[in-house]
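K.L.:
I have a structure here, written as C-alpha coordinates, and I will follow up with some questions on it.
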Amino acid sequence: MPLIDADYAWQIIRDASRLPADKTLTPTEGLTITADGAWQAGPNSVSEAAAALFDTLLPVARGGLSFVIAQLGQSLDGRIATASGHSYYVTGEASRVHLHRLRALVDAVIIGVGTLEADDPQLTVRHAPGVNPVRVVLDPNGRASAERRVFTDDGPPTWHVIADDVPALPGVATLRVAREADGRLDPAAVLAALAGRNVHRVLVEGGGQTISGFIAAGQIDRLHTVVAPMLIGSGRPGLSLPEIETLAEARRPACRDHPMGDDRLYDLDLRRTTTG
(Lines give C-alpha, C1' and ligand atoms only; values in the text may rest on other atoms or scores of the structure.)
Protein backbone atom coordinates (compact mmCIF):
# COMPACT_ATOMS: atom_id res chain seq x y z
CA MET A 1 0.00 0.00 0.00
CA PRO A 2 1.51 3.37 -1.00
CA LEU A 3 1.82 6.05 1.65
CA ILE A 4 -1.28 8.22 1.91
CA ASP A 5 -0.12 11.84 2.07
CA ALA A 6 -2.20 14.93 2.89
CA ASP A 7 -3.20 15.61 -0.73
CA TYR A 8 -4.41 12.05 -1.26
CA ALA A 9 -6.17 12.09 2.13
CA TRP A 10 -8.07 15.24 1.17
CA GLN A 11 -9.16 13.60 -2.10
CA ILE A 12 -10.41 10.56 -0.16
CA ILE A 13 -12.31 12.79 2.28
CA ARG A 14 -13.98 14.75 -0.51
CA ASP A 15 -14.99 11.54 -2.29
CA ALA A 16 -16.31 10.06 0.97
CA SER A 17 -18.61 13.06 1.48
CA ARG A 18 -20.43 12.25 -1.76
CA LEU A 19 -21.03 8.55 -1.04
CA PRO A 20 -23.89 6.93 0.93
CA ALA A 21 -23.42 7.72 4.60
CA ASP A 22 -24.56 4.32 5.94
CA LYS A 23 -21.82 2.18 4.40
CA THR A 24 -18.27 1.24 5.32
CA LEU A 25 -15.83 2.40 2.64
CA THR A 26 -12.56 0.97 1.39
CA PRO A 27 -11.28 3.78 -0.86
CA THR A 28 -7.85 2.23 -1.27
CA GLU A 29 -6.18 -1.02 -0.27
CA GLY A 30 -5.66 -1.29 3.48
CA LEU A 31 -7.80 1.74 4.42
CA THR A 32 -11.25 1.27 5.96
CA ILE A 33 -13.66 4.12 6.80
CA THR A 34 -16.78 3.37 8.80
CA ALA A 35 -20.13 5.10 8.47
CA ASP A 36 -19.39 7.45 11.38
CA GLY A 37 -16.01 8.55 10.01
CA ALA A 38 -13.73 6.32 12.08
CA TRP A 39 -10.84 4.91 10.09
CA GLN A 40 -8.22 2.18 10.19
CA ALA A 41 -5.11 1.66 8.09
CA GLY A 42 -2.03 -0.50 8.09
CA PRO A 43 1.12 0.56 9.97
CA ASN A 44 3.22 3.28 8.33
CA SER A 45 0.66 3.69 5.53
CA VAL A 46 -0.71 7.14 6.43
CA SER A 47 1.42 10.25 6.92
CA GLU A 48 1.03 12.31 10.09
CA ALA A 49 -0.60 15.16 8.16
CA ALA A 50 -2.99 12.77 6.42
CA ALA A 51 -3.95 11.17 9.73
CA ALA A 52 -4.77 14.61 11.14
CA LEU A 53 -7.06 15.29 8.17
CA PHE A 54 -8.80 11.95 8.59
CA ASP A 55 -9.32 12.55 12.31
CA THR A 56 -10.80 16.03 11.94
CA LEU A 57 -12.70 15.85 8.64
CA LEU A 58 -13.90 12.29 8.05
CA PRO A 59 -16.62 12.68 10.74
CA VAL A 60 -17.84 15.70 8.77
CA ALA A 61 -17.63 13.96 5.41
CA ARG A 62 -19.54 10.98 6.83
CA GLY A 63 -22.00 13.10 8.81
CA GLY A 64 -24.92 12.19 6.59
CA LEU A 65 -26.88 13.57 3.68
CA SER A 66 -28.54 16.07 6.04
CA PHE A 67 -25.87 17.60 8.27
CA VAL A 68 -25.17 20.97 9.89
CA ILE A 69 -21.76 21.95 11.23
CA ALA A 70 -20.57 25.24 12.69
CA GLN A 71 -17.05 26.57 13.18
CA LEU A 72 -15.83 29.23 15.60
CA GLY A 73 -12.33 30.66 15.94
CA GLN A 74 -11.76 32.20 19.37
CA SER A 75 -9.22 33.22 21.99
CA LEU A 76 -8.57 31.30 25.21
CA ASP A 77 -10.98 33.63 26.98
CA GLY A 78 -13.76 32.93 24.51
CA ARG A 79 -13.62 36.07 22.32
CA ILE A 80 -14.00 36.06 18.55
CA ALA A 81 -13.25 39.77 18.06
CA THR A 82 -12.38 42.94 19.93
CA ALA A 83 -15.10 45.33 21.07
CA SER A 84 -14.63 47.25 17.80
CA GLY A 85 -15.20 44.07 15.80
CA HIS A 86 -11.59 43.53 14.73
CA SER A 87 -11.01 39.79 14.19
CA TYR A 88 -8.14 39.44 11.65
CA TYR A 89 -6.81 37.06 12.73
CA VAL A 90 -7.73 35.43 16.02
CA THR A 91 -6.71 31.98 14.85
CA GLY A 92 -3.86 31.01 12.53
CA GLU A 93 -3.38 29.88 8.95
CA ALA A 94 -4.07 26.20 9.71
CA SER A 95 -7.50 27.18 11.03
CA ARG A 96 -8.28 29.15 7.86
CA VAL A 97 -7.30 26.20 5.67
CA HIS A 98 -9.50 23.95 7.80
CA LEU A 99 -12.42 26.36 7.39
CA HIS A 100 -12.03 26.31 3.60
CA ARG A 101 -11.99 22.51 3.66
CA LEU A 102 -15.23 22.56 5.64
CA ARG A 103 -16.74 24.83 2.98
CA ALA A 104 -15.77 22.28 0.34
CA LEU A 105 -17.61 19.50 2.22
CA VAL A 106 -21.03 21.22 2.35
CA ASP A 107 -23.73 22.42 -0.02
CA ALA A 108 -24.09 25.86 1.56
CA VAL A 109 -22.34 28.20 3.98
CA ILE A 110 -24.44 30.49 6.19
CA ILE A 111 -23.50 33.81 7.76
CA GLY A 112 -25.51 36.51 9.48
CA VAL A 113 -25.79 40.04 8.14
CA GLY A 114 -23.54 41.35 10.91
CA THR A 115 -20.66 39.23 9.64
CA LEU A 116 -21.44 40.27 6.06
CA GLU A 117 -21.28 43.97 6.89
CA ALA A 118 -18.25 43.74 9.18
CA ASP A 119 -16.05 41.45 7.07
CA ASP A 120 -17.41 41.52 3.49
CA PRO A 121 -16.31 37.87 3.11
CA GLN A 122 -16.12 35.89 -0.12
CA LEU A 123 -17.15 32.54 1.43
CA THR A 124 -15.39 30.58 -1.30
CA VAL A 125 -12.95 27.66 -1.27
CA ARG A 126 -9.52 29.16 -1.97
CA HIS A 127 -7.05 27.45 0.39
CA ALA A 128 -7.83 23.87 -0.64
CA PRO A 129 -9.03 22.04 -3.77
CA GLY A 130 -12.80 21.80 -3.77
CA VAL A 131 -16.13 23.07 -5.06
CA ASN A 132 -17.58 26.33 -3.74
CA PRO A 133 -20.81 26.05 -1.74
CA VAL A 134 -23.88 28.21 -2.18
CA ARG A 135 -23.58 31.35 -0.01
CA VAL A 136 -26.46 32.20 2.33
CA VAL A 137 -26.89 35.52 4.18
CA LEU A 138 -29.42 35.71 7.02
CA ASP A 139 -30.83 39.23 7.12
CA PRO A 140 -34.27 39.39 8.77
CA ASN A 141 -34.49 43.20 8.62
CA GLY A 142 -32.92 43.79 5.21
CA ARG A 143 -29.77 45.56 6.44
CA ALA A 144 -27.39 44.11 3.85
CA SER A 145 -25.66 46.39 1.38
CA ALA A 146 -26.10 45.39 -2.26
CA GLU A 147 -22.43 46.29 -2.84
CA ARG A 148 -21.06 43.39 -0.76
CA ARG A 149 -18.86 40.98 -2.68
CA VAL A 150 -21.14 37.97 -2.30
CA PHE A 151 -23.78 39.88 -4.28
CA THR A 152 -21.51 41.42 -6.91
CA ASP A 153 -18.67 39.01 -7.70
CA ASP A 154 -18.68 36.20 -10.25
CA GLY A 155 -18.53 33.53 -7.57
CA PRO A 156 -21.06 30.87 -6.56
CA PRO A 157 -24.75 31.74 -6.08
CA THR A 158 -25.74 33.82 -3.05
CA TRP A 159 -29.16 33.60 -1.42
CA HIS A 160 -30.38 36.52 0.66
CA VAL A 161 -32.72 35.23 3.39
CA ILE A 162 -35.12 37.90 4.64
CA ALA A 163 -38.40 38.13 6.52
CA ASP A 164 -41.71 38.24 4.67
CA ASP A 165 -42.20 41.99 5.19
CA VAL A 166 -38.74 43.11 3.96
CA PRO A 167 -38.11 44.45 0.42
CA ALA A 168 -35.81 42.28 -1.70
CA LEU A 169 -32.47 43.58 -2.95
CA PRO A 170 -32.65 44.18 -6.71
CA GLY A 171 -30.94 41.46 -8.72
CA VAL A 172 -30.26 39.24 -5.69
CA ALA A 173 -31.70 35.74 -5.23
CA THR A 174 -34.09 35.93 -2.29
CA LEU A 175 -35.51 33.40 0.16
CA ARG A 176 -38.28 34.51 2.51
CA VAL A 177 -38.74 33.01 5.98
CA ALA A 178 -41.34 34.04 8.55
CA ARG A 179 -40.10 35.89 11.63
CA GLU A 180 -40.19 34.44 15.11
CA ALA A 181 -41.81 36.40 17.95
CA ASP A 182 -38.45 38.04 18.76
CA GLY A 183 -38.06 39.22 15.16
CA ARG A 184 -35.34 36.75 14.25
CA LEU A 185 -35.45 34.02 11.62
CA ASP A 186 -36.17 30.52 12.89
CA PRO A 187 -33.07 28.36 12.20
CA ALA A 188 -35.24 25.29 11.53
CA ALA A 189 -37.29 27.27 9.01
CA VAL A 190 -34.10 28.48 7.31
CA LEU A 191 -32.79 24.93 6.99
CA ALA A 192 -36.17 23.74 5.72
CA ALA A 193 -36.15 26.45 3.05
CA LEU A 194 -32.67 25.35 1.98
CA ALA A 195 -33.69 21.68 1.96
CA GLY A 196 -36.57 22.61 -0.33
CA ARG A 197 -33.90 23.71 -2.80
CA ASN A 198 -31.91 20.47 -2.42
CA VAL A 199 -29.37 21.99 -0.04
CA HIS A 200 -28.91 19.61 2.89
CA ARG A 201 -25.30 19.81 4.11
CA VAL A 202 -24.66 23.21 5.70
CA LEU A 203 -21.83 25.08 7.40
CA VAL A 204 -22.88 27.88 9.78
CA GLU A 205 -19.78 30.06 9.71
CA GLY A 206 -20.63 33.19 11.62
CA GLY A 207 -20.94 35.21 13.51
CA GLY A 208 -21.19 34.19 17.12
CA GLN A 209 -24.83 35.27 17.47
CA THR A 210 -25.88 33.32 14.39
CA ILE A 211 -24.09 30.17 15.53
CA SER A 212 -25.50 30.58 19.04
CA GLY A 213 -29.03 30.85 17.64
CA PHE A 214 -28.66 27.64 15.67
CA ILE A 215 -27.23 25.78 18.68
CA ALA A 216 -29.98 27.07 21.00
CA ALA A 217 -32.56 25.87 18.46
CA GLY A 218 -30.99 22.41 18.40
CA GLN A 219 -30.06 22.68 14.72
CA ILE A 220 -26.28 22.09 14.87
CA ASP A 221 -24.98 18.51 14.63
CA ARG A 222 -21.31 19.28 15.15
CA LEU A 223 -19.31 22.29 16.36
CA HIS A 224 -15.66 22.90 15.56
CA THR A 225 -14.15 25.44 17.94
CA VAL A 226 -10.57 26.48 17.21
CA VAL A 227 -8.94 28.08 20.24
CA ALA A 228 -5.91 30.33 19.86
CA PRO A 229 -3.38 30.80 22.70
CA MET A 230 -4.37 34.44 23.04
CA LEU A 231 -6.12 36.56 25.67
CA ILE A 232 -8.19 39.40 24.24
CA GLY A 233 -9.70 40.35 27.59
CA SER A 234 -12.87 41.96 26.28
CA GLY A 235 -14.90 42.11 23.12
CA ARG A 236 -17.37 39.84 21.36
CA PRO A 237 -18.02 36.39 22.84
CA GLY A 238 -17.97 33.29 20.71
CA LEU A 239 -21.18 31.77 22.05
CA SER A 240 -24.04 33.28 24.00
CA LEU A 241 -26.69 30.70 24.90
CA PRO A 242 -29.76 30.92 27.15
CA GLU A 243 -28.93 31.24 30.84
CA ILE A 244 -28.91 28.18 33.09
CA GLU A 245 -29.22 27.98 36.87
CA THR A 246 -26.78 25.16 37.67
CA LEU A 247 -23.94 23.33 35.95
CA ALA A 248 -26.11 20.22 35.92
CA GLU A 249 -27.98 21.95 33.06
CA ALA A 250 -24.79 22.61 31.06
CA ARG A 251 -24.36 20.87 27.74
CA ARG A 252 -21.66 18.21 27.78
CA PRO A 253 -21.22 17.09 24.16
CA ALA A 254 -18.85 14.31 23.22
CA CYS A 255 -15.54 16.00 22.44
CA ARG A 256 -12.24 15.23 20.77
CA ASP A 257 -9.38 17.71 20.49
CA HIS A 258 -6.55 18.00 17.98
CA PRO A 259 -3.58 20.33 17.46
CA MET A 260 -4.12 22.78 14.59
CA GLY A 261 -0.93 24.73 13.94
CA ASP A 262 -0.37 26.92 17.00
CA ASP A 263 -4.07 26.57 17.90
CA ARG A 264 -6.20 23.67 19.12
CA LEU A 265 -9.38 22.32 17.56
CA TYR A 266 -12.19 21.08 19.80
CA ASP A 267 -14.53 18.83 17.81
CA LEU A 268 -17.89 18.70 19.60
CA ASP A 269 -20.52 16.17 18.56
CA LEU A 270 -23.71 17.89 19.70
CA ARG A 271 -25.76 14.79 18.90
CA ARG A 272 -23.95 12.85 21.64
CA THR A 273 -23.45 13.76 25.27
CA THR A 274 -21.10 12.64 28.02
CA THR A 275 -21.74 12.46 31.74
CA GLY A 276 -20.13 15.05 33.96
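Ligands are numbered from 1 in the order shown, chains are lettered A, B, ... in the order of the C-alpha coordinates, and residues start at 1 in each chain.
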Would you please extract all strand (DSSP E) residues from range 107-238 of chain A, as assigned by DSSP on the backbone, and give them as a ChimeraX atom specification?
P.N.:
/A:108-112,134-138,158-162,173-176,201-206,222-228,236-237
K.L.:
Range 1-213 of chain A: which residues are alpha helix (DSSP H) by DSSP, as a VMD selection string?
P.N.:
chain A and resid 6 to 17 48 to 61 93 to 104 113 to 119 149 to 152 187 to 195 208 to 213
K.L.:
Would you mind listing what lies within 12 Å of Arg18 in chain A as a PyMOL selection string, with only C-alpha atoms counted and same-chain residues fewer than 6 positions away left out?
P.N.:
chain A and resi 11-12+25+58+60-66+104-107+201
K.L.:
Choose the residue, out of A:Arg135, A:Lys23, A:Arg251, A:Arg143, that has the smallest atom-to-atom separation from Ala168 in chain A; count only C-alpha atoms.
P.N.:
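Ranking A:Arg135, A:Lys23, A:Arg251, A:Arg143 by distance to Ala168 in chain A, first place goes to A:Arg143.
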K.L.:
Return the single residue from A:Ile80, A:Val90, A:Val227, A:Val131 that is closest to Gln209 in chain A, with distances computed using only C-alpha atoms.
P.N.:
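Ranked by minimum distance to Gln209 in chain A, first place goes to A:Ile80.
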K.L.:
Would you kindly return, as a ChimeraX atom specification, each protein, DNA or RNA residue with an atom no farther than 9 Å from any atom of Asp262 in chain A, considering only C-alpha atoms and excluding same-chain residues fewer than 4 positions away?
P.N.:
/A:91-92,94,228-229
K.L.:
List the neighbours of range 122-124 of chain A out to 7 Å using only C-alpha atoms; skip same-chain residues closer than 5 positions along the sequence, and give me the result as an mmCIF file with all heavy atoms, in the first residue's frame.
P.N.:
data_model
loop_
_atom_site.group_PDB
_atom_site.id
_atom_site.type_symbol
_atom_site.label_atom_id
_atom_site.label_comp_id
_atom_site.auth_asym_id
_atom_site.auth_seq_id
_atom_site.Cartn_x
_atom_site.Cartn_y
_atom_site.Cartn_z
ATOM 1 N N ASN A 132 -16.979 25.286 -4.582
ATOM 2 C CA ASN A 132 -17.577 26.333 -3.743
ATOM 3 C C ASN A 132 -19.016 25.990 -3.363
ATOM 4 O O ASN A 132 -19.795 25.528 -4.204
ATOM 5 C CB ASN A 132 -17.591 27.668 -4.492
ATOM 6 C CG ASN A 132 -16.216 28.249 -4.693
ATOM 7 O OD1 ASN A 132 -15.386 28.197 -3.800
ATOM 8 N ND2 ASN A 132 -15.964 28.800 -5.869
ATOM 9 N N ARG A 135 -23.755 30.406 -1.122
ATOM 10 C CA ARG A 135 -23.584 31.347 -0.007
ATOM 11 C C ARG A 135 -24.956 31.851 0.447
ATOM 12 O O ARG A 135 -25.784 32.222 -0.394
ATOM 13 C CB ARG A 135 -22.691 32.500 -0.451
ATOM 14 C CG ARG A 135 -21.334 32.016 -0.948
ATOM 15 C CD ARG A 135 -20.482 33.108 -1.530
ATOM 16 N NE ARG A 135 -20.994 33.644 -2.788
ATOM 17 C CZ ARG A 135 -20.281 34.451 -3.593
ATOM 18 N NH1 ARG A 135 -19.053 34.804 -3.257
ATOM 19 N NH2 ARG A 135 -20.809 34.904 -4.704
ATOM 20 N N ARG A 149 -19.443 41.817 -1.633
ATOM 21 C CA ARG A 149 -18.861 40.976 -2.679
ATOM 22 C C ARG A 149 -19.701 39.745 -3.006
ATOM 23 O O ARG A 149 -19.744 39.322 -4.171
ATOM 24 C CB ARG A 149 -17.443 40.548 -2.273
ATOM 25 C CG ARG A 149 -16.430 41.672 -2.355
ATOM 26 C CD ARG A 149 -15.016 41.178 -2.134
ATOM 27 N NE ARG A 149 -14.793 40.747 -0.751
ATOM 28 C CZ ARG A 149 -13.611 40.336 -0.295
ATOM 29 N NH1 ARG A 149 -12.567 40.261 -1.110
ATOM 30 N NH2 ARG A 149 -13.470 39.987 0.971
ATOM 31 N N VAL A 150 -20.363 39.171 -1.999
ATOM 32 C CA VAL A 150 -21.143 37.968 -2.296
ATOM 33 C C VAL A 150 -22.283 38.252 -3.263
ATOM 34 O O VAL A 150 -22.780 37.333 -3.932
ATOM 35 C CB VAL A 150 -21.707 37.333 -1.003
ATOM 36 C CG1 VAL A 150 -20.587 36.821 -0.114
ATOM 37 C CG2 VAL A 150 -22.618 38.301 -0.242
#
K.L.:
To one decimal place in Å, what is the distance between CA of Ala21 in chain A and CA of Pro133 in chain A?
P.N.:
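Answer for the CA of Ala21 in chain A to CA of Pro133 in chain A separation: 19.6 Å.
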K.L.:
Tell me which protein, DNA and RNA residues are within 8 Å of Thr24 in chain A, counting only C-alpha atoms, leaving out same-chain ones fewer than 4 positions away, and put them as a CSV table (one decimal) with all heavy atoms, in the first residue's frame.
P.N.:
chain,number,residue,atom,x,y,z
A,32,THR,N,-9.8,1.5,5.7
A,32,THR,CA,-11.3,1.3,6.0
A,32,THR,C,-11.8,2.5,6.7
A,32,THR,O,-11.3,3.0,7.7
A,32,THR,CB,-11.5,0.0,6.8
A,32,THR,OG1,-10.9,-1.1,6.1
A,32,THR,CG2,-13.0,-0.2,7.0
A,33,ILE,N,-13.0,3.0,6.2
A,33,ILE,CA,-13.7,4.1,6.8
A,33,ILE,C,-15.1,3.7,7.1
A,33,ILE,O,-15.8,3.2,6.2
A,33,ILE,CB,-13.7,5.3,5.8
A,33,ILE,CG1,-12.3,5.7,5.5
A,33,ILE,CG2,-14.4,6.5,6.5
A,33,ILE,CD1,-12.2,6.8,4.4
A,34,THR,N,-15.4,3.8,8.4
A,34,THR,CA,-16.8,3.4,8.8
A,34,THR,C,-17.8,4.5,8.6
A,34,THR,O,-17.4,5.6,8.2
A,34,THR,CB,-16.8,3.0,10.3
A,34,THR,OG1,-16.4,4.1,11.1
A,34,THR,CG2,-15.8,1.9,10.6
A,35,ALA,N,-19.1,4.1,8.8
A,35,ALA,CA,-20.1,5.1,8.5
A,35,ALA,C,-20.0,6.4,9.3
A,35,ALA,O,-20.5,7.4,8.9
A,35,ALA,CB,-21.5,4.4,8.7
K.L.:
Give the answer as one residue: which of A:Pro167, A:Pro59, A:Ile4, A:Thr28 has the shortest atom-to-atom distance to Ser47 in chain A, using only C-alpha atoms?
P.N.:
A:Ile4
K.L.:
Calculate how many Å separate CA of Ser145 in chain A from CA of Arg101 in chain A, rounding to one decimal.
P.N.:
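Interatomic distance here is 27.6 Å.
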K.L.:
Under the rule that only C-alpha atoms are counted, which of A:His200, A:Ala188, A:Gln40, A:Val46 is the nearest residue to Asp5 in chain A?
P.N.:
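Distance minimum relative to Asp5 in chain A lands on A:Val46.
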K.L.:
Quick one: everything within 12 Å of Arg176 in chain A, counting only C-alpha atoms, minus sequence neighbours fewer than 3 positions away in the same chain. Send it as a list in words.
P.N.:
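So the residues in contact are Val137, Leu138, Asp139, Pro140, Asn141, Gly142, Trp159, His160, Val161, Ile162, Ala163, Asp164, Asp165, Val166, Pro167, Ala168, Ala173, Arg179, Leu185, Asp186, Ala189, Val190, Leu191, Ala192, Ala193 and Leu194 of chain A.
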K.L.:
Can you work out which one of A:Ala146, A:Ala52, A:Cys255, A:Ala181 has the shortest atom-to-atom distance to Thr225 in chain A, counting only C-alpha atoms?
P.N.:
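Of all the options, A:Cys255 lies closest to Thr225 in chain A.
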K.L.:
Mind giving me the straight-line distance from CA of Tyr89 in chain A to CA of Ile110 in chain A in Å, one decimal?
P.N.:
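CA of Tyr89 in chain A sits 19.9 Å away from CA of Ile110 in chain A.
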